[in-house]
>>> print(open('run-v9.tsv').read())   # TSV, N, CA and C atoms
chain	number	residue	atom	x	y	z
A	1	MET	N	29.62	173.52	7.29
A	1	MET	CA	28.53	173.51	8.25
A	1	MET	C	28.86	174.44	9.42
A	2	SER	N	27.87	175.15	9.83
A	2	SER	CA	28.03	176.11	10.90
A	2	SER	C	27.74	175.48	12.26
A	3	GLN	N	28.67	175.65	13.17
A	3	GLN	CA	28.47	175.16	14.54
A	3	GLN	C	27.31	175.90	15.19
A	4	GLU	N	27.19	177.19	14.87
A	4	GLU	CA	26.10	178.02	15.39
A	4	GLU	C	24.74	177.45	15.01
A	5	VAL	N	24.59	177.05	13.75
A	5	VAL	CA	23.32	176.49	13.28
A	5	VAL	C	23.07	175.13	13.94
A	6	ALA	N	24.11	174.32	14.05
A	6	ALA	CA	23.98	173.02	14.71
A	6	ALA	C	23.52	173.20	16.15
A	7	GLU	N	24.10	174.17	16.85
A	7	GLU	CA	23.72	174.42	18.24
A	7	GLU	C	22.28	174.93	18.34
A	8	PHE	N	21.86	175.76	17.38
A	8	PHE	CA	20.48	176.24	17.36
A	8	PHE	C	19.52	175.06	17.27
A	9	ILE	N	19.78	174.16	16.34
A	9	ILE	CA	18.91	173.00	16.15
A	9	ILE	C	18.94	172.08	17.37
A	10	ASP	N	20.13	171.83	17.90
A	10	ASP	CA	20.26	170.97	19.08
A	10	ASP	C	19.51	171.54	20.29
A	11	ALA	N	19.38	172.86	20.35
A	11	ALA	CA	18.74	173.51	21.50
A	11	ALA	C	17.21	173.53	21.41
A	12	LEU	N	16.66	173.12	20.28
A	12	LEU	CA	15.19	173.11	20.17
A	12	LEU	C	14.62	172.13	21.18
A	13	LYS	N	13.58	172.55	21.89
A	13	LYS	CA	13.04	171.74	22.98
A	13	LYS	C	12.26	170.52	22.50
A	14	GLU	N	11.55	170.66	21.41
A	14	GLU	CA	10.69	169.58	20.92
A	14	GLU	C	11.48	168.65	19.99
A	15	PRO	N	11.52	167.36	20.30
A	15	PRO	CA	12.25	166.42	19.44
A	15	PRO	C	11.78	166.44	17.98
A	16	TRP	N	10.48	166.60	17.75
A	16	TRP	CA	9.97	166.60	16.38
A	16	TRP	C	10.46	167.83	15.62
A	17	GLN	N	10.64	168.95	16.33
A	17	GLN	CA	11.17	170.15	15.68
A	17	GLN	C	12.65	169.98	15.33
A	18	ARG	N	13.39	169.34	16.22
A	18	ARG	CA	14.80	169.05	15.93
A	18	ARG	C	14.91	168.16	14.71
A	19	GLU	N	14.10	167.10	14.68
A	19	GLU	CA	14.16	166.14	13.57
A	19	GLU	C	13.83	166.81	12.24
A	20	LEU	N	12.76	167.58	12.18
A	20	LEU	CA	12.41	168.28	10.94
A	20	LEU	C	13.49	169.28	10.55
A	21	SER	N	14.02	170.01	11.51
A	21	SER	CA	15.05	171.01	11.23
A	21	SER	C	16.31	170.37	10.67
A	22	VAL	N	16.71	169.24	11.22
A	22	VAL	CA	17.88	168.51	10.71
A	22	VAL	C	17.64	168.10	9.26
A	23	LYS	N	16.47	167.57	8.99
A	23	LYS	CA	16.15	167.10	7.63
A	23	LYS	C	16.10	168.27	6.64
A	24	LEU	N	15.53	169.39	7.05
A	24	LEU	CA	15.48	170.56	6.18
A	24	LEU	C	16.88	171.09	5.91
A	25	ARG	N	17.71	171.12	6.93
A	25	ARG	CA	19.09	171.57	6.76
A	25	ARG	C	19.84	170.65	5.81
A	26	GLU	N	19.61	169.35	5.93
A	26	GLU	CA	20.26	168.40	5.03
A	26	GLU	C	19.86	168.63	3.58
A	27	VAL	N	18.60	168.97	3.35
A	27	VAL	CA	18.15	169.29	1.99
A	27	VAL	C	18.95	170.46	1.44
A	28	VAL	N	19.10	171.51	2.23
A	28	VAL	CA	19.83	172.69	1.79
A	28	VAL	C	21.29	172.33	1.52
A	29	GLN	N	21.92	171.62	2.43
A	29	GLN	CA	23.33	171.27	2.26
A	29	GLN	C	23.56	170.40	1.04
A	30	ARG	N	22.64	169.49	0.77
A	30	ARG	CA	22.76	168.62	-0.39
A	30	ARG	C	22.52	169.40	-1.69
A	31	THR	N	21.62	170.35	-1.65
A	31	THR	CA	21.22	171.11	-2.84
A	31	THR	C	22.20	172.23	-3.16
A	32	ILE	N	22.74	172.86	-2.13
A	32	ILE	CA	23.67	173.98	-2.31
A	32	ILE	C	24.99	173.60	-1.63
A	33	PRO	N	25.86	172.89	-2.34
A	33	PRO	CA	27.08	172.38	-1.70
A	33	PRO	C	27.96	173.46	-1.05
A	34	ASP	N	27.97	174.66	-1.60
A	34	ASP	CA	28.81	175.73	-1.06
A	34	ASP	C	28.01	176.71	-0.19
A	35	VAL	N	26.91	176.21	0.41
A	35	VAL	CA	26.04	177.07	1.21
A	35	VAL	C	26.80	177.67	2.40
A	36	LEU	N	26.48	178.91	2.68
A	36	LEU	CA	26.99	179.58	3.88
A	36	LEU	C	25.84	179.60	4.87
A	37	GLU	N	26.08	179.09	6.05
A	37	GLU	CA	25.06	179.04	7.10
A	37	GLU	C	25.42	180.05	8.18
A	38	ARG	N	24.41	180.74	8.68
A	38	ARG	CA	24.65	181.65	9.80
A	38	ARG	C	23.35	181.92	10.54
A	39	ILE	N	23.50	182.31	11.80
A	39	ILE	CA	22.35	182.73	12.58
A	39	ILE	C	22.20	184.22	12.39
A	40	GLN	N	21.02	184.63	11.95
A	40	GLN	CA	20.72	186.03	11.77
A	40	GLN	C	19.27	186.23	12.20
A	41	TYR	N	19.00	187.28	12.93
A	41	TYR	CA	17.65	187.51	13.47
A	41	TYR	C	17.18	186.30	14.29
A	42	LYS	N	18.12	185.66	14.97
A	42	LYS	CA	17.86	184.51	15.85
A	42	LYS	C	17.32	183.29	15.11
A	43	LYS	N	17.63	183.17	13.81
A	43	LYS	CA	17.19	182.03	13.00
A	43	LYS	C	18.31	181.60	12.07
A	44	PRO	N	18.37	180.31	11.73
A	44	PRO	CA	19.35	179.85	10.73
A	44	PRO	C	18.99	180.36	9.34
A	45	HIS	N	19.95	181.02	8.72
A	45	HIS	CA	19.81	181.49	7.35
A	45	HIS	C	20.84	180.74	6.49
A	46	PHE	N	20.45	180.47	5.26
A	46	PHE	CA	21.30	179.75	4.32
A	46	PHE	C	21.51	180.66	3.11
A	47	LEU	N	22.78	180.90	2.77
A	47	LEU	CA	23.10	181.83	1.69
A	47	LEU	C	23.91	181.16	0.59
A	48	LYS	N	23.69	181.62	-0.64
A	48	LYS	CA	24.51	181.21	-1.77
A	48	LYS	C	25.04	182.48	-2.41
A	49	ASN	N	26.35	182.55	-2.55
A	49	ASN	CA	27.00	183.73	-3.13
A	49	ASN	C	26.57	185.02	-2.44
A	50	GLY	N	26.41	184.96	-1.11
A	50	GLY	CA	26.08	186.13	-0.31
A	50	GLY	C	24.61	186.54	-0.34
A	51	LYS	N	23.79	185.78	-1.04
A	51	LYS	CA	22.36	186.10	-1.13
A	51	LYS	C	21.54	185.04	-0.41
A	52	TYR	N	20.44	185.48	0.21
A	52	TYR	CA	19.58	184.55	0.93
A	52	TYR	C	19.03	183.49	0.00
A	53	ALA	N	19.13	182.24	0.42
A	53	ALA	CA	18.54	181.12	-0.32
A	53	ALA	C	17.34	180.57	0.45
A	54	ALA	N	17.52	180.45	1.78
A	54	ALA	CA	16.46	179.87	2.61
A	54	ALA	C	16.66	180.29	4.07
A	55	VAL	N	15.61	180.14	4.84
A	55	VAL	CA	15.67	180.39	6.28
A	55	VAL	C	14.78	179.38	6.98
A	56	LEU	N	15.23	178.98	8.14
A	56	LEU	CA	14.52	178.02	8.97
A	56	LEU	C	14.08	178.74	10.23
A	57	SER	N	12.82	178.55	10.62
A	57	SER	CA	12.37	179.17	11.86
A	57	SER	C	11.40	178.24	12.57
A	58	THR	N	11.29	178.45	13.86
A	58	THR	CA	10.39	177.61	14.65
A	58	THR	C	9.49	178.50	15.49
A	59	SER	N	8.31	177.97	15.76
A	59	SER	CA	7.39	178.61	16.68
A	59	SER	C	6.90	177.52	17.62
A	60	LYS	N	6.01	177.86	18.49
A	60	LYS	CA	5.55	176.89	19.49
A	60	LYS	C	5.04	175.59	18.85
A	61	ASP	N	4.33	175.72	17.72
A	61	ASP	CA	3.70	174.53	17.15
A	61	ASP	C	4.09	174.23	15.70
A	62	ALA	N	5.19	174.85	15.22
A	62	ALA	CA	5.54	174.63	13.81
A	62	ALA	C	7.03	174.83	13.56
A	63	VAL	N	7.45	174.28	12.43
A	63	VAL	CA	8.77	174.56	11.86
A	63	VAL	C	8.48	175.13	10.48
A	64	SER	N	9.03	176.30	10.19
A	64	SER	CA	8.80	176.95	8.91
A	64	SER	C	10.09	176.98	8.11
A	65	PHE	N	9.94	176.76	6.81
A	65	PHE	CA	11.08	176.77	5.90
A	65	PHE	C	10.72	177.71	4.76
A	66	THR	N	11.49	178.79	4.64
A	66	THR	CA	11.23	179.79	3.61
A	66	THR	C	12.29	179.70	2.53
A	67	ILE	N	11.82	179.68	1.29
A	67	ILE	CA	12.70	179.70	0.12
A	67	ILE	C	12.60	181.09	-0.49
A	68	PHE	N	13.75	181.70	-0.79
A	68	PHE	CA	13.79	183.01	-1.42
A	68	PHE	C	13.91	182.86	-2.94
A	69	HIS	N	13.66	183.95	-3.66
A	69	HIS	CA	13.80	184.00	-5.13
A	69	HIS	C	12.82	183.05	-5.82
A	70	THR	N	11.57	183.09	-5.38
A	70	THR	CA	10.57	182.15	-5.90
A	70	THR	C	9.61	182.77	-6.91
A	71	SER	N	9.83	184.01	-7.30
A	71	SER	CA	8.89	184.71	-8.18
A	71	SER	C	8.58	183.93	-9.45
A	72	GLU	N	9.57	183.26	-10.00
A	72	GLU	CA	9.38	182.56	-11.28
A	72	GLU	C	9.06	181.08	-11.12
A	73	LEU	N	8.88	180.62	-9.89
A	73	LEU	CA	8.64	179.19	-9.65
A	73	LEU	C	7.16	178.88	-9.52
A	74	SER	N	6.83	177.68	-9.89
A	74	SER	CA	5.49	177.16	-9.67
A	74	SER	C	5.59	176.23	-8.46
A	75	LEU	N	5.03	176.66	-7.35
A	75	LEU	CA	5.15	175.90	-6.11
A	75	LEU	C	3.89	175.10	-5.83
A	76	PRO	N	4.05	173.94	-5.21
A	76	PRO	CA	2.89	173.11	-4.88
A	76	PRO	C	2.08	173.72	-3.74
A	77	ASP	N	0.91	173.19	-3.51
A	77	ASP	CA	0.08	173.63	-2.39
A	77	ASP	C	0.86	173.48	-1.09
A	78	GLY	N	0.58	174.36	-0.16
A	78	GLY	CA	1.23	174.30	1.14
A	78	GLY	C	2.22	175.43	1.36
A	79	PHE	N	2.63	176.10	0.28
A	79	PHE	CA	3.55	177.23	0.38
A	79	PHE	C	2.75	178.52	0.39
A	80	ASP	N	3.10	179.44	1.30
A	80	ASP	CA	2.42	180.72	1.40
A	80	ASP	C	3.44	181.84	1.42
A	81	GLY	N	2.98	183.04	1.10
A	81	GLY	CA	3.84	184.20	1.18
A	81	GLY	C	3.84	185.00	-0.10
A	82	PRO	N	4.57	186.12	-0.08
A	82	PRO	CA	4.64	186.97	-1.26
A	82	PRO	C	5.40	186.27	-2.39
A	83	PRO	N	5.28	186.78	-3.63
A	83	PRO	CA	5.89	186.10	-4.77
A	83	PRO	C	7.39	185.85	-4.64
A	84	GLU	N	8.12	186.76	-3.99
A	84	GLU	CA	9.58	186.63	-3.94
A	84	GLU	C	10.09	185.63	-2.90
A	85	ARG	N	9.23	185.20	-1.99
A	85	ARG	CA	9.64	184.18	-1.00
A	85	ARG	C	8.41	183.41	-0.54
A	86	LYS	N	8.57	182.13	-0.45
A	86	LYS	CA	7.45	181.27	-0.07
A	86	LYS	C	7.84	180.41	1.13
A	87	THR	N	6.89	180.20	2.02
A	87	THR	CA	7.15	179.48	3.26
A	87	THR	C	6.28	178.23	3.35
A	88	LEU	N	6.92	177.15	3.74
A	88	LEU	CA	6.24	175.90	4.03
A	88	LEU	C	6.23	175.76	5.55
A	89	LYS	N	5.04	175.65	6.13
A	89	LYS	CA	4.91	175.53	7.59
A	89	LYS	C	4.53	174.09	7.91
A	90	LEU	N	5.37	173.44	8.71
A	90	LEU	CA	5.16	172.04	9.09
A	90	LEU	C	4.85	171.94	10.57
A	91	ARG	N	3.84	171.18	10.88
A	91	ARG	CA	3.46	170.96	12.27
A	91	ARG	C	3.80	169.52	12.68
A	92	GLN	N	3.71	169.24	13.95
A	92	GLN	CA	4.04	167.92	14.48
A	92	GLN	C	3.27	166.85	13.71
A	93	GLY	N	3.98	165.81	13.27
A	93	GLY	CA	3.38	164.71	12.55
A	93	GLY	C	3.38	164.89	11.04
A	94	GLN	N	3.69	166.10	10.57
A	94	GLN	CA	3.75	166.33	9.13
A	94	GLN	C	5.15	166.05	8.61
A	95	SER	N	5.21	165.74	7.33
A	95	SER	CA	6.50	165.52	6.69
A	95	SER	C	6.54	166.31	5.39
A	96	PHE	N	7.63	166.21	4.67
A	96	PHE	CA	7.76	166.90	3.40
A	96	PHE	C	8.49	166.00	2.43
A	97	ASP	N	8.34	166.29	1.16
A	97	ASP	CA	9.00	165.53	0.11
A	97	ASP	C	10.38	166.16	-0.11
A	98	ALA	N	11.42	165.49	0.37
A	98	ALA	CA	12.78	166.04	0.32
A	98	ALA	C	13.25	166.27	-1.11
A	99	GLU	N	12.92	165.36	-2.01
A	99	GLU	CA	13.35	165.52	-3.40
A	99	GLU	C	12.67	166.72	-4.05
A	100	GLN	N	11.38	166.87	-3.80
A	100	GLN	CA	10.65	168.01	-4.35
A	100	GLN	C	11.19	169.32	-3.79
A	101	LEU	N	11.44	169.35	-2.48
A	101	LEU	CA	11.95	170.55	-1.85
A	101	LEU	C	13.35	170.88	-2.38
A	102	SER	N	14.17	169.87	-2.55
A	102	SER	CA	15.51	170.07	-3.10
A	102	SER	C	15.43	170.66	-4.51
A	103	SER	N	14.51	170.17	-5.30
A	103	SER	CA	14.32	170.69	-6.66
A	103	SER	C	13.90	172.15	-6.62
A	104	LEU	N	12.99	172.51	-5.73
A	104	LEU	CA	12.53	173.89	-5.62
A	104	LEU	C	13.66	174.82	-5.18
A	105	VAL	N	14.43	174.39	-4.20
A	105	VAL	CA	15.57	175.20	-3.73
A	105	VAL	C	16.58	175.36	-4.87
A	106	SER	N	16.86	174.28	-5.57
A	106	SER	CA	17.79	174.33	-6.69
A	106	SER	C	17.36	175.33	-7.76
A	107	GLN	N	16.07	175.29	-8.10
A	107	GLN	CA	15.55	176.22	-9.10
A	107	GLN	C	15.63	177.66	-8.60
A	108	ALA	N	15.32	177.85	-7.33
A	108	ALA	CA	15.30	179.20	-6.76
A	108	ALA	C	16.69	179.84	-6.74
A	109	VAL	N	17.73	179.05	-6.52
A	109	VAL	CA	19.08	179.61	-6.40
A	109	VAL	C	19.89	179.48	-7.68
A	110	ALA	N	19.30	178.97	-8.73
A	110	ALA	CA	20.04	178.71	-9.96
A	110	ALA	C	20.74	179.94	-10.52
A	111	LYS	N	20.15	181.11	-10.35
A	111	LYS	CA	20.73	182.33	-10.92
A	111	LYS	C	21.57	183.13	-9.93
A	112	LEU	N	21.75	182.62	-8.74
A	112	LEU	CA	22.52	183.36	-7.73
A	112	LEU	C	24.02	183.15	-7.92
>>> encode(input="run-v9.tsv", output="structure tokens")
Amino acid sequence: MSQEVAEFIDALKEPWQRELSVKLREVVQRTIPDVLERIQYKKPHFLKNGKYAAVLSTSKDAVSFTIFHTSELSLPDGFDGPPERKTLKLRQGQSFDAEQLSSLVSQAVAKL
């Protein structure tokens, strides 16, 4: 676990953004045991074998979670973006299915 990423999440002003970010990070850590975490472009990035697996970002009213290597995946409604990476945008009061997200991340990084 990266202290840099932990500090990024702890510094988020909105409690709901911190809570979602912690849960999203836990999904990645559970799904990719050897994940490398780092801050890049002022956002937490998660890498497997040196390749991007996911990125977490926040805006004024949302927490976004992007999964890379999604061209061959069938993603549920709620994900947007080009074929090679899809983003789930969560707003205050929204939640996500951790098991489903873990499965998607696992499939996306299977060949990395």
>>> atom_distance(input="run-v9.tsv", atom1="atom CA of Asp80 of chain A", atom2="atom C of Val27 of chain A")
19.5 Å
>>> select_by_dssp(input="run-v9.tsv", residues="chain A", states="alpha helix (DSSP H)", output="PyMOL selection string")
chain A and resi 3-10+15-31+98-109
>>> atom_distance(input="run-v9.tsv", atom1="atom CA of Gln29 of chain A", atom2="atom N of Lys111 of chain A")
16.3 Å
>>> closest_residue(input="run-v9.tsv", among="A:Thr31, A:Pro44, A:Gly78, A:Thr70", to="Ser103 of chain A", atoms="all atoms listed in the file")
A:Thr31
>>> closest_residue(input="run-v9.tsv", among="A:Lys60, A:Ile9, A:Leu36, A:Phe65", to="Val105 of chain A", atoms="only C-alpha atoms")
A:Phe65
>>> closest_residue(input="run-v9.tsv", among="A:Lys89, A:Val109, A:Glu19, A:Pro76", to="Ala54 of chain A", atoms="only C-alpha atoms")
A:Val109
>>> closest_atom_pairs(input="run-v9.tsv", of="segment 5-74 of chain A", to="segment 94-100 of chain A", cutoff="9 Å", atoms="only C-alpha atoms", output="tab-separated table")
residue	atom	partner	partner_atom	distance
A:Leu20	CA	A:Ser95	CA	7.8
A:Lys23	CA	A:Ala98	CA	8.1
A:Leu24	CA	A:Ala98	CA	7.9
A:Val27	CA	A:Ala98	CA	6.5
>>> write_last_selection(input="run-v9.tsv", atoms="N, CA and C atoms", output="short mmCIF file (atom, residue, chain, number, x, y, z; two decimals), in the frame of the given file")
data_model
loop_
_atom_site.label_atom_id
_atom_site.label_comp_id
_atom_site.auth_asym_id
_atom_site.auth_seq_id
_atom_site.Cartn_x
_atom_site.Cartn_y
_atom_site.Cartn_z
N LEU A 20 12.76 167.58 12.18
CA LEU A 20 12.41 168.28 10.94
C LEU A 20 13.49 169.28 10.55
N LYS A 23 16.47 167.57 8.99
CA LYS A 23 16.15 167.10 7.63
C LYS A 23 16.10 168.27 6.64
N LEU A 24 15.53 169.39 7.05
CA LEU A 24 15.48 170.56 6.18
C LEU A 24 16.88 171.09 5.91
N VAL A 27 18.60 168.97 3.35
CA VAL A 27 18.15 169.29 1.99
C VAL A 27 18.95 170.46 1.44
#
>>> closest_residue(input="run-v9.tsv", among="A:Ala11, A:Ile67, A:Val35, A:Leu101", to="Pro83 of chain A", atoms="only C-alpha atoms")
A:Ile67
>>> select_by_dssp(input="run-v9.tsv", residues="segment 27-66 of chain A", states="strand (DSSP E)", output="ChimeraX atom specification")
/A:36-40,43-48,51-59,62-66
>>> write_last_selection(input="run-v9.tsv", atoms="N, CA and C atoms", output="short mmCIF file (atom, residue, chain, number, x, y, z; two decimals), keeping the file's coordinate frame")
data_model
loop_
_atom_site.label_atom_id
_atom_site.label_comp_id
_atom_site.auth_asym_id
_atom_site.auth_seq_id
_atom_site.Cartn_x
_atom_site.Cartn_y
_atom_site.Cartn_z
N LEU A 36 26.48 178.91 2.68
CA LEU A 36 26.99 179.58 3.88
C LEU A 36 25.84 179.60 4.87
N GLU A 37 26.08 179.09 6.05
CA GLU A 37 25.06 179.04 7.10
C GLU A 37 25.42 180.05 8.18
N ARG A 38 24.41 180.74 8.68
CA ARG A 38 24.65 181.65 9.80
C ARG A 38 23.35 181.92 10.54
N ILE A 39 23.50 182.31 11.80
CA ILE A 39 22.35 182.73 12.58
C ILE A 39 22.20 184.22 12.39
N GLN A 40 21.02 184.63 11.95
CA GLN A 40 20.72 186.03 11.77
C GLN A 40 19.27 186.23 12.20
N LYS A 43 17.63 183.17 13.81
CA LYS A 43 17.19 182.03 13.00
C LYS A 43 18.31 181.60 12.07
N PRO A 44 18.37 180.31 11.73
CA PRO A 44 19.35 179.85 10.73
C PRO A 44 18.99 180.36 9.34
N HIS A 45 19.95 181.02 8.72
CA HIS A 45 19.81 181.49 7.35
C HIS A 45 20.84 180.74 6.49
N PHE A 46 20.45 180.47 5.26
CA PHE A 46 21.30 179.75 4.32
C PHE A 46 21.51 180.66 3.11
N LEU A 47 22.78 180.90 2.77
CA LEU A 47 23.10 181.83 1.69
C LEU A 47 23.91 181.16 0.59
N LYS A 48 23.69 181.62 -0.64
CA LYS A 48 24.51 181.21 -1.77
C LYS A 48 25.04 182.48 -2.41
N LYS A 51 23.79 185.78 -1.04
CA LYS A 51 22.36 186.10 -1.13
C LYS A 51 21.54 185.04 -0.41
N TYR A 52 20.44 185.48 0.21
CA TYR A 52 19.58 184.55 0.93
C TYR A 52 19.03 183.49 0.00
N ALA A 53 19.13 182.24 0.42
CA ALA A 53 18.54 181.12 -0.32
C ALA A 53 17.34 180.57 0.45
N ALA A 54 17.52 180.45 1.78
CA ALA A 54 16.46 179.87 2.61
C ALA A 54 16.66 180.29 4.07
N VAL A 55 15.61 180.14 4.84
CA VAL A 55 15.67 180.39 6.28
C VAL A 55 14.78 179.38 6.98
N LEU A 56 15.23 178.98 8.14
CA LEU A 56 14.52 178.02 8.97
C LEU A 56 14.08 178.74 10.23
N SER A 57 12.82 178.55 10.62
CA SER A 57 12.37 179.17 11.86
C SER A 57 11.40 178.24 12.57
N THR A 58 11.29 178.45 13.86
CA THR A 58 10.39 177.61 14.65
C THR A 58 9.49 178.50 15.49
N SER A 59 8.31 177.97 15.76
CA SER A 59 7.39 178.61 16.68
C SER A 59 6.90 177.52 17.62
N ALA A 62 5.19 174.85 15.22
CA ALA A 62 5.54 174.63 13.81
C ALA A 62 7.03 174.83 13.56
N VAL A 63 7.45 174.28 12.43
CA VAL A 63 8.77 174.56 11.86
C VAL A 63 8.48 175.13 10.48
N SER A 64 9.03 176.30 10.19
CA SER A 64 8.80 176.95 8.91
C SER A 64 10.09 176.98 8.11
N PHE A 65 9.94 176.76 6.81
CA PHE A 65 11.08 176.77 5.90
C PHE A 65 10.72 177.71 4.76
N THR A 66 11.49 178.79 4.64
CA THR A 66 11.23 179.79 3.61
C THR A 66 12.29 179.70 2.53
#
>>> closest_residue(input="run-v9.tsv", among="A:Leu56, A:Ala108, A:Ala62, A:Val5", to="Arg38 of chain A", atoms="only N, CA and C atoms")
A:Val5
>>> closest_residue(input="run-v9.tsv", among="A:Arg91, A:Arg25, A:His69, A:Arg30", to="Ala53 of chain A", atoms="all atoms listed in the file")
A:His69
